[in-house]
Every structure is written in C-alpha cells, then in structure tokens.
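Undergrad: Take a look at the following structure, please.
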Amino acid sequence: MQARWKLFWKYRYLTLMIVPALAVLVLNNYLPMFGVFIAFKNINYIDGIWRSPWVGFDNFEFLFTSGSIWRIARNTVSYSLVFMIVNLLLSVAIAVAINEIRSRWLAKTYQTFLIMPYFLSMVVVSYLVYGFLNPEKGFLNHTVVEWLGMERVFWYSETAYWPYILTIVSAWKGVGIGAVIYIAAIAGIDPEYYEAAVIDGASKWRQIFHITLPTIRPVIIIITILNMGHVFNSDFGLFYQVPMNSGPLYPVTDTVDTYVYRALKELNDIGMSSAAALVQSVLGFALVLLTNASVRKIDKDQALF
Amino acid sequence: MLKTASRRENTISPLTNYVLNGGFIVLALACVLPVVLVIIVSFTHNDSLLSRGYSFFPVKWSLIAYESLFKDYGTILRAYGVSVGITAAGTVLSVLLMALYAYPISRQDYPLRPFFTFFLFFTMLFSGGIVSKYIVFTQGLGLLDNYLSLLLPLLIVPFNVIIMRTFFQTTIHPALIESARIDGAGELRIFVRIVLPLSLPVMATMALFSTILFWNDWFNALLFIRAEDKYPVQFLMIRVLNDIQYLRENVQLAAQNPEMMRDLPNESLQMAMAVVGMGPILIVYPFFQKYFVKGLTIGAVKG
C-alpha cells in the first residue's frame with residue numbers, strides 16, 4: 001500500500017496535468033450521465049429536480065403509447081441507413097475515380113472543392129437550401145420549374161420531396177470529406193500490384209475490381225460498422241434547420257433528436273423528452289458495444305477498445 | 001484498344017480522362033454553386049429579385065443589402081465579437097487541455113494511465129443526452145446565458161485526445177524523456193520544453209479542428225443563450241432566417257403591423273447575413289484545407 005502511494009506521489013505532476021480536462025469531462029459528460037435519473041421523475045418547476053416525485057417508468061409508458069415514438073424511430077433509423085449507403089457508394093466511387101485522374105494538380109483541386117461543404121455549418125446550409133427552395137423567389141420555383149413548364153412547388157410544406165432533399169444535402173455535405181479516407185487508403189496500395197496486373201494484361205476495370213476495391217475493403221467495412229453504431233442518432237441541424245422546423249414536414253423530418261429538442265424546448269415536457277433521450281442513449285450504447293465487438297473480430301487494431 | 005494502351009502505360013485513355021474530368025467539374029460546380037447563388041443574391045437589386053427571383057444572372061446589382069446590414073452594425077459586430085472571442089478562447093483552451101490530458105495517458109510508465117484512458121473513453125460510449133445536459137447546465141450549474149455554456153461542451157473532443165495520445169506515443173521516444181529526467185528536468189519542464197515543441201504538427205491540426213468546431217457551433221447557443229447581446233454569428237443567422245420566415249407565414253400579422261413589414265429585411269439582406277456568417281471560413285478555407293486533410297489521415301491510421 002505504502003509503495004503504491006509512493007508511486008502515485010512520484011507521478012503527481014502528471015496527475016496534476018490531467019486535472020483541468022478531467023474537470024471538463026466531469027461537468028460536461030459525467031454529470032449529465034448521472035442526470036438521466038430525471039427520466040424516472042415527474043419534474044415540476046416548483047419542487048425542482050431533487051424534490052419532484054419519482055414516477056418509475058411512467059414517462060416511458062407515456063412515450064411508447066403516444067404513437068409518435070414509432071414514427072421518429074422509423075425516420076431516424078431509415079435516414080441513417082440510407083445516408084450511410086448513399087454516402088459510402090459515392091465516397092468510394094469518387095476516391096477511385098479521383099485516383100485515375102492523370103493530372104495530380106487537377107485531382108487536388110477537385111478534392112478542395114468537394115470538401116468545402118463540410119466546413120459550412122448547417123445554418124449556412126439551410127440558407128443555401130433556402131436559396132433554391134424559397135417558394136416565391138427560389139431558384140427552383142422561379143427558374144427551373146419555369147423552364148420545365150411545371151407548377152410551382154411549395155417545398156416547405158410538401159412532404160413527398162423531403163426524403164430526397166435531405167439525402168442530397170447529407171451527401172452534398174459529407175461525400176467529399178468521406179472520400180478523403182478512401183483516397184488515403186488507395187494511395188497506400190503498393191504500385192507493384194498494378195504493375196503485375198498490367199503485365200498480366202488486366203484492364204483498368206479489372207484492376208479496380210480485383211486490386212483497388214479488395215485492398216480498401218477492410219477500411220470500408222470498419223467505417224460502415226462504426227457508422228452502424230450511430231444509427232439511432234441523427235444530425236439535428238440537418239433535420240431541424242434545413243427544413244426550417246416546418247410543421248407540415250414533421251412526418252418525414254422528425255427524428256429522435258428533433259423530437260427530444262421540441263419536447264424539451266417547445267412543449268416543456270421534460271418527462272417525455274428525457275425518457276426519449278435515455279432510450280436513445282441506452283440503445284446507442286448497446287449498439288456501439290456490439291459494433292466494436294464486430295470490428296474487433298475483423299481487425300483487432302481497428303477496434304476502439 | 002484500351003488494353004494495348006494500358007499495357008504500355010498504366011493510365012486511362014485520353015477519352016476516359018476527359019469524361020472523368022468532365023464529371024469532376026460538374027461535381028465541383030455542384031459544391032460551389034449554392035454558395036455562389038447566395039453571394040449573388042446578396043448583391044442583387046430588389047427590382048431584379050421581383051422580376052427574376054434568385055438568379056445567377058441578375059439584371060440589376062446593388063450594395064444596399066450590405067449598407068443596411070452595416071447600418072445596424074452594432075448587432076452584427078457584437079455577434080462577431082462573441083464568435084471571435086469564443087473561438088479564440090475555446091481553441092487555445094481546447095488544445096491546451098487536450099494535450100495536458102493526452103500526454104500522461106501516452107506514458108507507458110504512468111500508473112494511472114489505464115484508469116484515465118477508460119475515463120475518457122467511456123464518454124465516447126455513453127452520453128446522458130441533451131435533456132439531462134440541459135437540466136444540469138441550466139439548473140445545476142446555472143450556465144444559462146453564460147459564455148461557459150458555449151465553451152464547455154466543445155472543449156474536450158475525446159476522439160481528438162486519442163489521436164494526440166497516439167501521436168505522443170509514436171513520436172516521442174521514452175528514452176528522450178528518461179534522459180531529460182536524468183538531467184534533472186521535472187515533468188512539467190519535460191512537457192513544455194520537449195513534448196510540446198516536438199508535437200507542433202498535431203497541435204496545429206487540433207487547433208484547426210477546434211477553430212471550425214467553435215466558429216460553426218450554433219446548437220449550444222440555441223440551448224443556452226437567451227440574451228440577444230450574447231448571440232454568436234451562427235445563432236444570429238438562425239434568428240434572422242426564422243423571424244422572416246415567421247412573418248411571411250403570418251401574412252395577417254404583417255398586415256396588422258405595417259411598420260413591422262417595413263422594417264422586415266428583404267431577401268438580399270437575408271442572404272447578405274449568410275455571406276457575413278460564412279465569409280471567414282470561405283476566405284481561410286483554401287489555405288488550411290491541406291492541413292485539415294493531413295490531420296484527418298493522421299486520425300485514420302490510429303494505433
């Protein structure tokens with residue numbers, strides 16, 4: 001015991017270095033973890049968080065019988081899956097194609113343009129989308145629709161278009177940055193493979209399908225599995241700011257994150273929002289553990305823990 | 001034909017090269033044109049907006065949006081001040097705190113290493129969610145309308161701490177630290193004089209990540225900031241867009257308050273606000289994107 005304390009004392013300065021960030025983690029991450037108990041209380045502002053009565057699983061029962069939980073769960077999961085697949089296919093395609101461009105300078109320039117959207121905040125993106133979709137003056141209604149001789153569309157109240165719009169926006173923002181990692185992986189492939197393939201008379205297509213894609217397959221698998229860990233999460237900005245929190249669009253834009261936010265800030269329903277948030281956290285936790293276990297099976301070095 | 005060409009030299013045929021380049025030009029345009037449209041609209045005269053709507057080729061240009069935007073410069077300037085201040089303070093603090101946490105957990109000989117590594121790691125696995133955080137921040141810590149509520153949530157990015165730890169582990173040889181200790185240097189001295197100077201590349205990358213994170217953040221302001229004089233730029237943009245949207249949807253309300261309609265900024269003003277908000281990022285982007293890409297790939301080959 002004494003020896004152990006001596007060891008800790010010897011390293012006291014290292015421990016001291018850790019303290020500031022440790023304090024941030026405690027305040028910002030750990031206190032909210034313990035705060036999840038509010039989901040089991042009926043919070044009212046007179047009694048405050050501590051003295052409000054415990055209600056067991058009432059909030060959860062209310063949440064699951066309200067009906068909207070299924071809608072938001074369906075939206076959250078299906079958008080996550082669609083975004084994941086679309087962004088993966090486009091990112092890999094772009095990475096493979098950009099690698100074939102003869103001029104390295106041009107390839108770098110294209111990459112610069114493709115990554116740019118990633119650096120814009122979702123608020124800026126919502127302005128950009130509004131530039132196209134503004135019902136009276138937007139580029140689509142005023143110019144494109146006129147060219148095509150169609151009727152104007154009231155974009156912010158027509159649910160039919162939003163699954164596509166959101167998928168496009170997600171791809172627009174994420175594909176360029178997503179490709180970076182695959183471009184790096186392709187750059188790391190030993191050129192000798194290709195030289196040998198050329199000697200054997202393999203065409204470009206065959207090289208792509210028999211060398212490039214198989215080599216980067218582990219990267220693809222790991223990124224996909226890591227993304228799977230987040231299927232219960234959605235990008236709040238994408239689903240709240242981009243459709244401008246428009247009521248008629250809720251059936252197709254409401255996800256767990258927007259639902260929780262609206263229940264908290266607009267309806268002041270702490271019980272239901274905290275119950276929904278806790279369900280999301282617990283499912284997310286389980287999923288991350290599960291996905292990590294699968295990554296571990298495939299490639300031990302890539303596993304998070 | 002393609003086969004013989006590729007046999008001589010393993011590149012694509014000129015035709016395929018043109019097609020690919022054409023495709024990428026289209027993609028590159030798709031990435032920038034929305035931004036260009038917003039910039040053009042912000043310089044478009046109201047008459048042109050009425051006749052052509054938002055167009056890439058307006059018939060009449062005007063600077064009036066920016067003139068009226070800066071007539072009320074107090075609001076924008078203050079929001080800029082808040083954003084710049086939060087971003088600067090946040091970036092410096094963030095890089096410093098993350099390095100201070102990452103270094104000890106990179107040291108194989110540090111006895112508390114496994115515990116603190118797990119302590120950091122667990123935050124990536126489980127989160128209390130925003131409701132609990134909101135209650136803790138507003139009722140527990142009293143951070144409503146406090147700038148700390150904009151700083152705290154983004155200061156420590158666990159994944160970036162892991163990247164830093166890996167960097168320390170791979171670039172700083174334990175023998176170097178050992179020899180410094182034999183020469184009589186204390187832990188803090190070793191960190192400041194040896195570890196930090198050797199880690200400038202990863203520090204720069206992290207500073208870049210943090211700058212973007214803080215400058216683009218609006219979510220924490222949405223949750224925790226009520227006072228108008230504490231709005232950061234990104235949040236001011238939300239308010240401008242929402243207020244206009246709200247008035248448009250409530251034509252009746254607007255009819256009852258003609259002066260409100262008069263003060264309602266027109267579309268070009270709104271887009272000018274967007275340009276002001278994304279301006280700094282777009283200006284510095286070409287210079288730092290190279291380092292950003294490098295930083296991302298450091299993270300990709302994590303150990």
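Order determines the names: the first chain of the structure tokens is A, the second B, and so forth; residues in each chain are numbered 1 upward, and ligands are numbered 1 upward as they are shown.
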Counting only C-alpha atoms, what are the residues of chain A within 6 Å of chain B, and for each of them which pair of atoms is the nearest and at what distance in Å, to one decimal? Sort the table by chain and rising number, as JSON lines.

TA:
{"residue": "A:Leu14", "atom": "CA", "partner": "B:Pro104", "partner_atom": "CA", "distance": 5.6}
{"residue": "A:Met17", "atom": "CA", "partner": "B:Leu100", "partner_atom": "CA", "distance": 5.2}
{"residue": "A:Ile18", "atom": "CA", "partner": "B:Tyr101", "partner_atom": "CA", "distance": 4.6}
{"residue": "A:Ala21", "atom": "CA", "partner": "B:Leu97", "partner_atom": "CA", "distance": 5.3}
{"residue": "A:Asn28", "atom": "CA", "partner": "B:Pro153", "partner_atom": "CA", "distance": 5.9}
{"residue": "A:Pro32", "atom": "CA", "partner": "B:Lys133", "partner_atom": "CA", "distance": 4.8}
{"residue": "A:Met33", "atom": "CA", "partner": "B:Gly128", "partner_atom": "CA", "distance": 4.0}
{"residue": "A:Gly35", "atom": "CA", "partner": "B:Ser132", "partner_atom": "CA", "distance": 5.2}
{"residue": "A:Val36", "atom": "CA", "partner": "B:Ser132", "partner_atom": "CA", "distance": 5.6}
{"residue": "A:Phe113", "atom": "CA", "partner": "B:Ala28", "partner_atom": "CA", "distance": 5.3}
{"residue": "A:Leu114", "atom": "CA", "partner": "B:Ala28", "partner_atom": "CA", "distance": 5.9}
{"residue": "A:Ser121", "atom": "CA", "partner": "B:Asn216", "partner_atom": "CA", "distance": 5.1}
{"residue": "A:Leu128", "atom": "CA", "partner": "B:Pro34", "partner_atom": "CA", "distance": 5.6}
{"residue": "A:Lys137", "atom": "CA", "partner": "B:Gly53", "partner_atom": "CA", "distance": 4.1}
{"residue": "A:Gly138", "atom": "CA", "partner": "B:Tyr54", "partner_atom": "CA", "distance": 5.4}
{"residue": "A:Phe139", "atom": "CA", "partner": "B:Tyr54", "partner_atom": "CA", "distance": 5.2}
{"residue": "A:His142", "atom": "CA", "partner": "B:Gly53", "partner_atom": "CA", "distance": 5.8}
{"residue": "A:Val198", "atom": "CA", "partner": "B:Arg7", "partner_atom": "CA", "distance": 5.7}
{"residue": "A:Ser203", "atom": "CA", "partner": "B:Lys3", "partner_atom": "CA", "distance": 5.9}
{"residue": "A:Ser274", "atom": "CA", "partner": "B:Val131", "partner_atom": "CA", "distance": 5.4}
{"residue": "A:Ala277", "atom": "CA", "partner": "B:Gly129", "partner_atom": "CA", "distance": 5.5}
{"residue": "A:Phe285", "atom": "CA", "partner": "B:Phe126", "partner_atom": "CA", "distance": 5.4}
